[in-house]
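What follows is the content of structure_3.txt (compact mmCIF, C-alpha atoms).
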# COMPACT_ATOMS: atom_id res chain seq x y z
CA MET A 139 -15.53 49.31 66.31
CA PRO A 140 -18.12 47.25 68.16
CA VAL A 141 -20.34 49.01 70.65
CA PHE A 142 -19.48 48.08 74.23
CA ARG A 143 -22.34 46.57 76.19
CA ARG A 144 -23.00 48.46 79.35
CA ARG A 145 -24.43 45.76 81.57
CA HIS A 146 -21.19 45.49 83.50
CA LEU A 147 -19.06 48.57 84.14
CA CYS A 148 -16.23 46.29 85.18
CA SER A 149 -16.34 44.56 81.81
CA VAL A 150 -15.97 47.84 79.99
CA ALA A 151 -13.06 48.87 82.16
CA ALA A 152 -11.30 45.59 81.59
CA ALA A 153 -11.93 45.79 77.86
CA LEU A 154 -9.69 48.84 77.66
CA ALA A 155 -6.81 46.59 78.64
CA LEU A 156 -7.36 44.03 75.89
CA THR A 157 -6.57 43.64 72.21
CA VAL A 158 -7.60 41.51 69.28
CA THR A 159 -5.79 40.88 68.36
CA ALA A 160 -4.74 36.39 62.35
CA PRO A 161 -1.16 21.83 50.68
CA ALA A 162 -3.44 19.05 48.78
CA THR A 163 -6.86 17.68 47.89
CA ALA A 164 -8.21 14.15 47.71
CA ALA A 165 -7.10 13.93 44.11
CA THR A 166 -3.73 15.68 44.54
CA ALA A 167 -2.95 15.00 48.20
CA SER A 168 0.73 15.06 49.03
CA THR A 169 2.00 12.64 51.64
CA ALA A 170 5.26 12.46 53.52
CA ALA A 171 6.76 10.63 56.45
CA ALA A 172 7.41 12.52 59.66
CA PRO A 173 11.08 12.71 60.71
CA GLY A 174 11.98 9.51 62.53
CA SER A 175 8.65 7.92 61.63
CA SER A 176 7.28 5.76 58.85
CA ALA A 177 3.76 7.22 59.20
CA ALA A 178 2.48 8.86 56.04
CA LEU A 179 1.20 12.40 56.43
CA ARG A 180 -1.14 14.55 54.41
CA GLU A 181 -0.56 18.28 54.03
CA VAL A 182 -3.66 20.34 54.84
CA LEU A 183 -4.85 23.80 55.79
CA PHE A 184 -6.28 24.37 59.25
CA VAL A 185 -8.92 27.12 59.35
CA GLY A 186 -9.71 28.47 62.81
CA ASN A 187 -13.38 29.41 63.18
CA ASN A 188 -13.03 31.84 66.06
CA TRP A 189 -16.66 32.25 67.09
CA ASP A 190 -17.53 28.57 66.50
CA GLY A 191 -14.76 27.04 68.54
CA THR A 192 -13.92 24.73 65.64
CA ALA A 193 -11.16 24.29 63.10
CA ASP A 194 -11.97 23.11 59.60
CA VAL A 195 -9.38 20.94 57.85
CA ILE A 196 -9.31 21.46 54.09
CA GLY A 197 -7.07 20.48 51.20
CA SER A 198 -3.96 22.60 50.96
CA SER A 199 -4.20 23.21 47.20
CA GLY A 200 -6.25 22.25 44.15
CA ASP A 201 -9.95 22.55 44.98
CA PHE A 202 -9.27 23.03 48.73
CA ALA A 203 -12.04 20.54 49.49
CA LYS A 204 -13.12 20.06 53.09
CA ILE A 205 -11.61 17.02 54.79
CA GLY A 206 -12.95 17.29 58.32
CA ARG A 207 -13.57 19.42 61.39
CA ILE A 208 -12.14 19.55 64.92
CA ASN A 209 -13.83 20.78 68.07
CA VAL A 210 -11.17 22.93 69.76
CA ILE A 211 -13.17 23.48 72.96
CA PRO A 212 -13.97 19.92 74.09
CA ASP A 213 -13.41 21.09 77.67
CA LYS A 214 -15.78 24.07 77.40
CA ASP A 215 -17.90 23.10 80.40
CA ALA A 216 -14.87 22.81 82.67
CA ARG A 217 -13.42 26.11 81.46
CA MET A 218 -16.70 27.96 81.92
CA ALA A 219 -17.10 26.56 85.43
CA ALA A 220 -13.64 27.89 86.33
CA ILE A 221 -14.41 31.30 84.81
CA ASN A 222 -17.77 31.60 86.55
CA ALA A 223 -16.14 30.75 89.88
CA ASP A 224 -13.58 33.57 89.59
CA PRO A 225 -14.96 37.16 89.40
CA ILE A 226 -11.82 38.57 87.77
CA LYS A 227 -11.68 35.85 85.12
CA TRP A 228 -15.39 36.40 84.48
CA ILE A 229 -14.85 40.14 84.01
CA TYR A 230 -12.12 39.57 81.43
CA PHE A 231 -14.11 36.83 79.69
CA MET A 232 -17.05 39.22 79.29
CA ALA A 233 -14.75 42.05 78.25
CA ILE A 234 -13.33 39.94 75.44
CA ARG A 235 -16.83 39.04 74.29
CA ASN A 236 -18.11 42.62 74.39
CA SER A 237 -15.11 44.32 72.79
CA VAL A 238 -12.62 42.46 70.59
CA GLY A 239 -15.07 39.58 70.12
CA GLU A 240 -17.72 41.88 68.65
CA GLY A 241 -20.31 40.27 70.91
CA HIS A 242 -18.92 36.75 70.48
CA ASP A 243 -16.54 34.55 72.44
CA GLN A 244 -13.10 34.05 70.90
CA PHE A 245 -12.44 30.33 71.01
CA VAL A 246 -9.64 29.92 68.47
CA ASP A 247 -7.10 32.47 67.38
CA ASP A 248 -4.21 30.44 66.04
CA MET A 249 -3.20 26.81 65.48
CA TYR A 250 -0.32 24.60 64.32
CA SER A 251 -0.02 20.84 63.95
CA THR A 252 2.80 18.87 65.53
CA PRO A 253 5.53 17.57 63.18
CA ASP A 254 4.18 14.02 63.33
CA GLY A 255 0.65 15.14 62.41
CA THR A 256 -0.92 13.56 65.50
CA SER A 257 -2.01 16.75 67.27
CA VAL A 258 -2.95 20.38 66.70
CA VAL A 259 -1.96 23.14 69.12
CA VAL A 260 -4.50 25.96 69.51
CA SER A 261 -4.51 29.34 71.25
CA ARG A 262 -7.93 30.17 72.75
CA PRO A 263 -8.28 33.88 73.65
CA SER A 264 -11.44 33.69 75.74
CA PHE A 265 -10.01 30.82 77.79
CA ALA A 266 -6.57 32.49 78.12
CA ASP A 267 -4.72 29.32 77.21
CA VAL A 268 -3.01 27.10 74.67
CA VAL A 269 -4.09 23.49 74.28
CA SER A 270 -2.94 20.45 72.34
CA ILE A 271 -5.72 18.35 70.82
CA ASP A 272 -5.23 14.76 69.69
CA LEU A 273 -6.34 14.61 66.06
CA ALA A 274 -7.47 10.99 66.30
CA SER A 275 -9.59 11.23 69.45
CA GLY A 276 -10.40 14.94 69.69
CA LYS A 277 -9.30 14.93 73.33
CA LEU A 278 -6.87 17.28 75.06
CA ASN A 279 -3.24 16.21 75.40
CA TRP A 280 -2.26 19.19 77.53
CA ARG A 281 -3.32 22.71 78.49
CA PHE A 282 -1.07 25.71 79.22
CA PRO A 283 -2.74 28.75 80.87
CA VAL A 284 -0.97 31.90 79.68
CA SER A 285 -0.11 34.72 82.06
CA GLY A 286 -2.85 37.32 82.24
CA TYR A 287 -6.29 36.82 80.73
CA ARG A 288 -6.01 36.41 76.96
CA SER A 289 -3.94 34.39 74.47
CA ASP A 290 -3.41 35.57 70.90
CA HIS A 291 -1.26 34.96 67.81
CA MET A 292 1.29 32.14 67.76
CA ALA A 293 4.29 31.09 65.69
CA VAL A 294 5.96 27.72 65.29
CA SER A 295 9.72 27.27 64.96
CA PRO A 296 11.09 26.05 61.61
CA ASP A 297 11.78 22.60 63.08
CA GLY A 298 8.21 22.41 64.38
CA LYS A 299 9.32 21.74 67.96
CA ARG A 300 8.53 25.06 69.66
CA VAL A 301 5.50 27.29 69.64
CA ALA A 302 5.46 30.94 70.74
CA VAL A 303 2.20 32.48 71.96
CA SER A 304 1.36 36.07 72.83
CA ALA A 305 -0.29 36.69 76.19
CA SER A 306 -1.86 40.00 75.33
CA THR A 307 -2.83 41.35 78.76
CA SER A 308 0.49 40.54 80.46
CA ASN A 309 2.81 41.83 77.70
CA THR A 310 4.49 38.45 77.56
CA VAL A 311 5.32 35.81 74.95
CA HIS A 312 5.54 32.22 76.20
CA VAL A 313 7.60 29.67 74.25
CA LEU A 314 6.41 26.09 74.71
CA ASP A 315 7.55 22.62 73.74
CA ILE A 316 4.93 21.72 71.13
CA VAL A 317 4.71 18.05 72.19
CA SER A 318 4.61 18.35 75.99
CA GLY A 319 3.33 21.89 76.49
CA ARG A 320 6.23 22.58 78.87
CA GLU A 321 7.31 26.21 79.01
CA LEU A 322 10.84 26.58 77.63
CA GLY A 323 11.03 30.29 78.34
CA LYS A 324 9.28 33.63 78.02
CA PHE A 325 10.07 37.25 77.30
CA GLY A 326 8.58 40.69 77.78
CA THR A 327 7.21 42.82 74.95
CA GLY A 328 5.58 46.15 74.30
CA ASP A 329 1.91 46.69 75.08
CA LYS A 330 -0.44 43.98 73.82
CA PRO A 331 1.82 41.54 71.94
CA HIS A 332 0.25 40.28 68.72
CA GLU A 333 2.05 38.70 65.76
CA ASN A 334 5.10 36.42 66.28
CA ILE A 335 7.57 35.35 63.59
CA PHE A 336 10.53 32.96 63.84
CA THR A 337 13.42 33.63 61.48
CA GLN A 338 14.10 30.82 58.99
CA ASP A 339 17.14 29.60 60.90
CA GLY A 340 15.11 29.44 64.11
CA LYS A 341 17.55 31.73 65.95
CA TYR A 342 15.32 34.74 66.55
CA ILE A 343 11.72 35.59 67.30
CA TYR A 344 10.13 38.85 66.20
CA ASN A 345 7.13 40.02 68.23
CA MET A 346 4.88 42.89 67.18
CA ALA A 347 3.15 44.74 70.04
CA ILE A 348 0.13 46.68 68.75
CA GLY A 349 -1.04 48.60 71.82
CA ASP A 350 -4.66 49.22 72.76
CA VAL A 351 -6.70 48.59 69.62
CA ASN A 352 -10.17 48.40 71.13
CA THR A 353 -10.43 51.90 72.54
CA GLN A 354 -12.27 54.79 70.89
CA THR A 355 -9.24 57.11 71.10
CA ASP A 356 -8.40 56.61 67.44
CA ALA A 357 -7.80 60.19 66.26
CA PRO A 358 -4.16 60.89 65.37
CA TRP A 359 -3.82 63.49 68.15
CA LEU A 360 -4.78 60.80 70.67
CA ASP A 361 -2.22 58.33 69.38
CA TRP A 362 -0.24 58.63 72.60
CA THR A 363 -3.04 56.81 74.45
CA LYS A 364 -2.46 53.60 72.47
CA GLY A 365 0.55 52.47 74.47
CA ASP A 366 4.05 51.16 73.77
CA ARG A 367 4.02 49.74 70.25
CA ARG A 368 7.22 48.16 69.03
CA ILE A 369 8.86 45.11 67.53
CA THR A 370 10.83 43.10 70.08
CA VAL A 371 13.50 40.77 68.68
CA VAL A 372 14.81 38.06 71.01
CA ASP A 373 17.24 35.18 70.89
CA ALA A 374 15.03 32.09 70.46
CA THR A 375 17.25 30.00 72.73
CA THR A 376 18.04 32.35 75.62
CA PHE A 377 14.94 34.57 75.17
CA LYS A 378 17.14 37.60 75.79
CA GLN A 379 16.28 40.79 73.92
CA VAL A 380 18.47 41.40 70.89
CA LYS A 381 16.97 44.67 69.69
CA VAL A 382 13.83 46.79 69.61
CA ILE A 383 12.47 48.31 66.42
CA ASP A 384 10.35 51.44 66.82
CA MET A 385 8.61 52.49 63.60
CA ARG A 386 7.58 55.89 64.97
CA PRO A 387 10.79 57.73 64.00
CA GLN A 388 10.75 56.07 60.57
CA LEU A 389 7.18 57.14 59.86
CA ASP A 390 7.82 60.66 61.14
CA ALA A 391 10.90 60.97 58.91
CA LEU A 392 8.66 60.26 55.91
CA GLY A 393 6.16 62.92 56.99
CA LEU A 394 3.67 60.29 58.13
CA GLU A 395 3.14 61.61 61.66
CA ASP A 396 -0.58 60.79 61.50
CA TYR A 397 0.07 57.11 60.70
CA SER A 398 -0.03 54.52 63.45
CA ASP A 399 3.19 52.71 64.36
CA ALA A 400 1.29 49.61 65.51
CA VAL A 401 2.78 46.87 63.32
CA ARG A 402 0.12 44.27 62.52
CA PRO A 403 0.59 41.20 60.25
CA ALA A 404 4.02 41.11 58.61
CA VAL A 405 6.04 38.88 56.30
CA PHE A 406 9.74 38.60 55.47
CA SER A 407 11.17 38.40 51.97
CA PRO A 408 12.71 34.97 51.22
CA ASP A 409 16.22 36.22 52.07
CA GLU A 410 14.89 38.04 55.16
CA SER A 411 16.44 41.32 54.05
CA LYS A 412 13.05 43.07 53.88
CA LEU A 413 10.00 43.07 56.13
CA TYR A 414 6.60 43.95 54.69
CA PHE A 415 4.07 45.03 57.29
CA GLN A 416 0.66 46.57 57.86
CA VAL A 417 -0.23 49.13 60.53
CA SER A 418 -3.43 50.12 62.26
CA PHE A 419 -5.89 52.27 60.27
CA PHE A 420 -3.89 52.19 57.01
CA ASN A 421 -5.08 50.82 53.67
CA GLY A 422 -1.74 49.53 52.45
CA PHE A 423 1.64 48.35 53.71
CA PHE A 424 5.28 49.31 54.13
CA GLU A 425 8.62 47.83 53.10
CA TYR A 426 11.31 47.92 55.80
CA ASP A 427 15.01 47.24 55.18
CA ILE A 428 16.43 45.11 57.99
CA ALA A 429 20.07 46.13 57.43
CA THR A 430 19.56 49.89 57.33
CA GLY A 431 16.63 50.02 59.72
CA LYS A 432 14.62 52.24 57.39
CA ILE A 433 11.25 52.15 55.67
CA THR A 434 12.16 52.05 51.99
CA ARG A 435 8.78 52.01 50.26
CA THR A 436 5.12 52.70 51.03
CA LYS A 437 2.22 51.14 49.16
CA THR A 438 -1.20 52.76 49.48
CA LEU A 439 -3.99 50.50 48.26
CA PRO A 440 -7.42 51.62 47.03
CA LYS A 441 -10.17 52.51 49.45
CA ASN A 442 -13.61 51.04 49.10
CA PRO A 443 -15.99 53.99 48.58
CA ALA A 444 -18.51 52.19 50.79
CA THR A 445 -16.05 52.07 53.71
CA SER A 446 -16.17 54.94 56.16
CA ASP A 447 -12.93 56.76 56.95
CA ASP A 448 -14.09 57.06 60.55
CA ARG A 449 -11.34 55.18 62.40
CA THR A 450 -13.67 54.20 65.22
CA THR A 451 -15.61 52.01 62.78
CA PHE A 452 -12.58 49.83 61.95
CA VAL A 453 -12.68 46.47 63.73
CA ASN A 454 -9.96 46.57 66.37
CA ASP A 455 -8.21 49.40 64.50
CA SER A 456 -7.29 47.16 61.56
CA ARG A 457 -8.28 48.60 58.20
CA HIS A 458 -6.14 46.00 56.43
CA HIS A 459 -5.15 42.83 58.30
CA GLY A 460 -3.39 39.96 56.53
CA ILE A 461 -0.35 39.78 54.27
CA SER A 462 1.55 36.87 52.69
CA MET A 463 4.20 36.36 50.00
CA SER A 464 4.60 33.84 47.20
CA PRO A 465 7.48 31.38 47.79
CA ASP A 466 9.54 32.95 45.01
CA GLY A 467 9.24 36.37 46.65
CA ARG A 468 7.75 38.00 43.56
CA LYS A 469 4.19 38.60 44.74
CA LEU A 470 2.54 39.84 47.90
CA CYS A 471 -1.06 39.12 48.82
CA VAL A 472 -2.97 41.61 50.95
CA ALA A 473 -6.25 41.23 52.84
CA GLY A 474 -8.09 44.56 52.68
CA THR A 475 -10.20 43.78 55.73
CA MET A 476 -12.48 46.82 56.11
CA ASP A 477 -12.40 47.55 52.36
CA ASP A 478 -13.80 44.09 51.51
CA TYR A 479 -11.25 42.91 49.00
CA ALA A 480 -7.98 41.03 48.63
CA THR A 481 -5.36 41.73 46.02
CA VAL A 482 -2.03 40.42 44.74
CA VAL A 483 0.74 43.03 44.51
CA ASP A 484 3.88 42.76 42.38
CA ARG A 485 6.77 43.11 44.81
CA ALA A 486 9.16 44.76 42.34
CA THR A 487 6.78 47.44 41.06
CA LEU A 488 4.21 47.51 43.91
CA GLN A 489 1.49 47.48 41.27
CA GLN A 490 -1.66 45.80 42.55
CA GLY A 491 -3.67 43.33 40.51
CA PRO A 492 -7.44 42.94 40.39
CA LEU A 493 -9.33 43.74 43.56
CA VAL A 494 -10.97 40.43 44.41
CA THR A 495 -14.18 41.00 46.32
CA ALA A 496 -13.99 39.42 49.78
CA SER A 497 -16.10 40.01 52.87
CA LYS A 498 -13.99 41.23 55.80
CA PRO A 499 -10.93 39.15 54.87
CA TYR A 500 -8.99 38.68 58.08
CA TRP A 501 -5.85 36.75 57.11
CA ALA A 502 -3.73 35.74 54.13
CA THR A 503 -1.53 32.67 53.79
CA VAL A 504 0.01 30.57 51.00
CA SER A 505 -1.31 27.29 49.62
CA GLY A 506 0.76 24.14 49.95
CA ASP A 507 1.80 24.18 46.31
CA GLY A 508 2.74 27.87 46.54
CA LYS A 509 0.49 28.84 43.64
CA SER A 510 -2.29 30.57 45.56
CA CYS A 511 -2.91 33.07 48.28
CA VAL A 512 -5.62 31.87 50.67
CA VAL A 513 -7.64 34.49 52.58
CA SER A 514 -10.21 33.95 55.31
CA GLU A 515 -13.48 35.79 54.68
CA SER A 516 -14.81 36.30 58.19
CA GLY A 517 -17.86 38.15 56.89
CA THR A 518 -19.17 35.27 54.79
CA ASP A 519 -17.64 32.27 56.59
CA GLN A 520 -15.50 30.99 53.75
CA VAL A 521 -11.90 30.87 52.60
CA THR A 522 -10.97 32.05 49.12
CA ALA A 523 -7.95 31.11 47.03
CA ILE A 524 -6.45 33.70 44.67
CA ASP A 525 -3.94 32.78 41.99
CA PHE A 526 -0.59 34.52 42.53
CA ALA A 527 0.14 34.52 38.78
CA THR A 528 -3.08 36.14 37.58
CA GLY A 529 -4.41 37.80 40.72
CA LYS A 530 -7.79 36.22 40.03
CA LYS A 531 -10.03 34.19 42.29
CA VAL A 532 -9.67 30.42 42.01
CA VAL A 533 -12.28 29.03 44.39
CA SER A 534 -14.14 29.71 47.63
CA VAL A 535 -14.85 27.02 50.25
CA PRO A 536 -17.41 27.37 53.06
CA VAL A 537 -16.11 26.96 56.62
CA GLY A 538 -17.36 27.74 60.15
CA ASP A 539 -18.34 30.93 61.96
CA HIS A 540 -15.87 33.81 61.61
CA PRO A 541 -12.72 32.19 60.16
CA GLN A 542 -9.54 34.05 61.02
CA ARG A 543 -6.14 32.36 61.09
CA VAL A 544 -5.35 29.85 58.32
CA ARG A 545 -2.23 27.71 58.74
CA LEU A 546 -0.54 24.92 56.79
CA GLY A 547 -0.11 21.68 58.69
CA HIS A 548 -0.31 17.91 58.52
CA VAL A 549 -2.65 15.11 59.48
CA ALA A 550 -2.22 11.38 59.13
CA ALA A 551 -2.95 10.07 55.64
CA GLY A 552 -6.55 8.87 55.64
CA TRP A 553 -7.45 11.05 58.63
CA THR A 554 -11.12 11.76 59.31
CA SER A 555 -12.81 13.95 61.91
CA PRO A 556 -12.69 12.55 65.45
CA SER A 557 -16.03 11.67 66.98
CA ALA A 558 -15.51 14.47 69.51
CA GLY A 559 -15.17 16.95 66.63
Can you dump the structure from the file as structure tokens?
Amino acid sequence: MPVFRRRHLCSVAAALALTVTAPATAATASTAAAPGSSAALREVLFVGNNWDGTADVIGSSGDFAKIGRINVIPDKDARMAAINADPIKWIYFMAIRNSVGEGHDQFVDDMYSTPDGTSVVVSRPSFADVVSIDLASGKLNWRFPVSGYRSDHMAVSPDGKRVAVSASTSNTVHVLDIVSGRELGKFGTGDKPHENIFTQDGKYIYNMAIGDVNTQTDAPWLDWTKGDRRITVVDATTFKQVKVIDMRPQLDALGLEDYSDAVRPAVFSPDESKLYFQVSFFNGFFEYDIATGKITRTKTLPKNPATSDDRTTFVNDSRHHGISMSPDGRKLCVAGTMDDYATVVDRATLQQGPLVTASKPYWATVSGDGKSCVVSESGTDQVTAIDFATGKKVVSVPVGDHPQRVRLGHVAAGWTSPSAG
């Protein structure tokens, strides 16, 4: 855990209320026309460089070559003026920097492109907002201030028309029209909402609330201080709660009382019958059966001997943070954040493959062609592709400062960085 700066007692107090909260190349670029449009699109990966305030655009498969870069804080001066003019906003801004930001501002957490490839929508934790940026000009299309003082993980609906964003200090998820930025609805969650997932049919949204992850009360006997951690499932049209999933009873039933029930990154199986998820402090993941509501399997992954078991040293409580699945559902890819590796795991046997050295890998996604797992190495400012079939490293590509979320998206064919980027 980062050491809190003590210049401002108010900043420290506010920090206790916050959380962190995580395809084609020039030669093999795939292009497609957007629905209702004749414009050709290129599939890419957007890499959010959280401390830079930029997003690198790279090929979505092959050699993952860099295509361009976007400045996601073109309005930084205006935002800072507003923050400096409001003492409460300033306190939270500093708290984010001095706690979850590890001494840095958090300028980009998550991002998705619009279906027509003309814009990218970005959540900006330190600015407590979501913005749409025109990919041609680099200018803002719209800005949506979230409730509270920090924005976090997002999810886009299967049709690409809606985006859900966690407002971590207000225990709220806002659902926005991705083109206009208009709020379509919102719903309440547990403490400190984090990951969001739409079901494949677009009917439901799963939100994972992770509680207070930037406090020092990390010992198992102090678990009660971490807050209300649960999965909230809502109807994606009415935003009414459908059910709540509490992993505490499931973990206790398995004799895992000392394990956290804060569900972090998660991924569904292709048929959505199983959910694979990580929890705070744990080097591994769980398999959860949606129909029975039970944890069916536990996978413990190797510890790095160089990594301390002192929970207070884990960045924002996340020992492992990042999990994805191959399109065929046969392989899982896990980012072993504090243990400095990533590995591919056979879903049937839960046998892990080679431990691929990676520096503080913070996220895992799937390449456009489905052949590779792509992890962001926030410790060395690069993304690394790992072959699902062999479990071996394919290539690493340098990006900006502290890459976290990596998302598939589209840009116009022939797109280059805007002058503002």
_Between atom CA of A:Arg435 and atom CA of A:Asp477, what is the distance in Å, rounded to a tenth?_
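Between atom CA of A:Arg435 and atom CA of A:Asp477 the gap works out to 21.7 Å.
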*When distances are computed from all atoms listed in the file, which of A:Lys531, A:Arg402, A:Lys324, A:Lys214 shows the smallest separation from A:Asp201?*
A:Lys531
*Kindly provide, as a ChimeraX atom specification, the polymer residues lying within 12 Å of (-4.6, 39.3, 49.7), counting only C-alpha atoms and using the coordinates exactly as they appear in the file.*
/A:403,422-423,439,458-464,469-475,477-484,490-504,510-515,521-526,529-531
With the cut-off set at 12 Å and counting all atoms listed in the file, tabulate each residue of stretch 279-321 of chain A with an atom at most that distance from an atom of stretch 349-358 of chain A, showing the nearest atom pair and its distance in Å to one decimal, ordered by chain and increasing number, as CSV.
residue,atom,partner,partner_atom,distance
A:Ser306,CA,A:Gly349,CA,9.3
A:Thr307,CA,A:Asp350,CA,10.1
A:Ser308,CA,A:Gly349,CA,11.9
A:Asn309,CA,A:Gly349,CA,9.8
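Residue nearest A:Val405 within the list A:Ala429, A:Ile335, A:Ile229, A:Leu183: A:Ile335 [criterion: smallest interatomic distance, all atoms listed in the file].
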Report as lines of an AutoDock Vina configuration file the centre and the edge lengths, in Å to one decimal, of the axis-aligned box holding every listed atom of stretch 475-483 of chain A, padded by 4 Å on each side.
center_x = -6.5
center_y = 44.0
center_z = 50.3
size_x = 22.5
size_y = 15.1
size_z = 19.6
_Atomic separation - atom CA of A:Tyr397 relative to atom CA of A:Met385, Å_ = 10.1 Å
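Across the model, the gap from atom CA of A:Met232 to atom CA of A:Ala347 is 22.9 Å.
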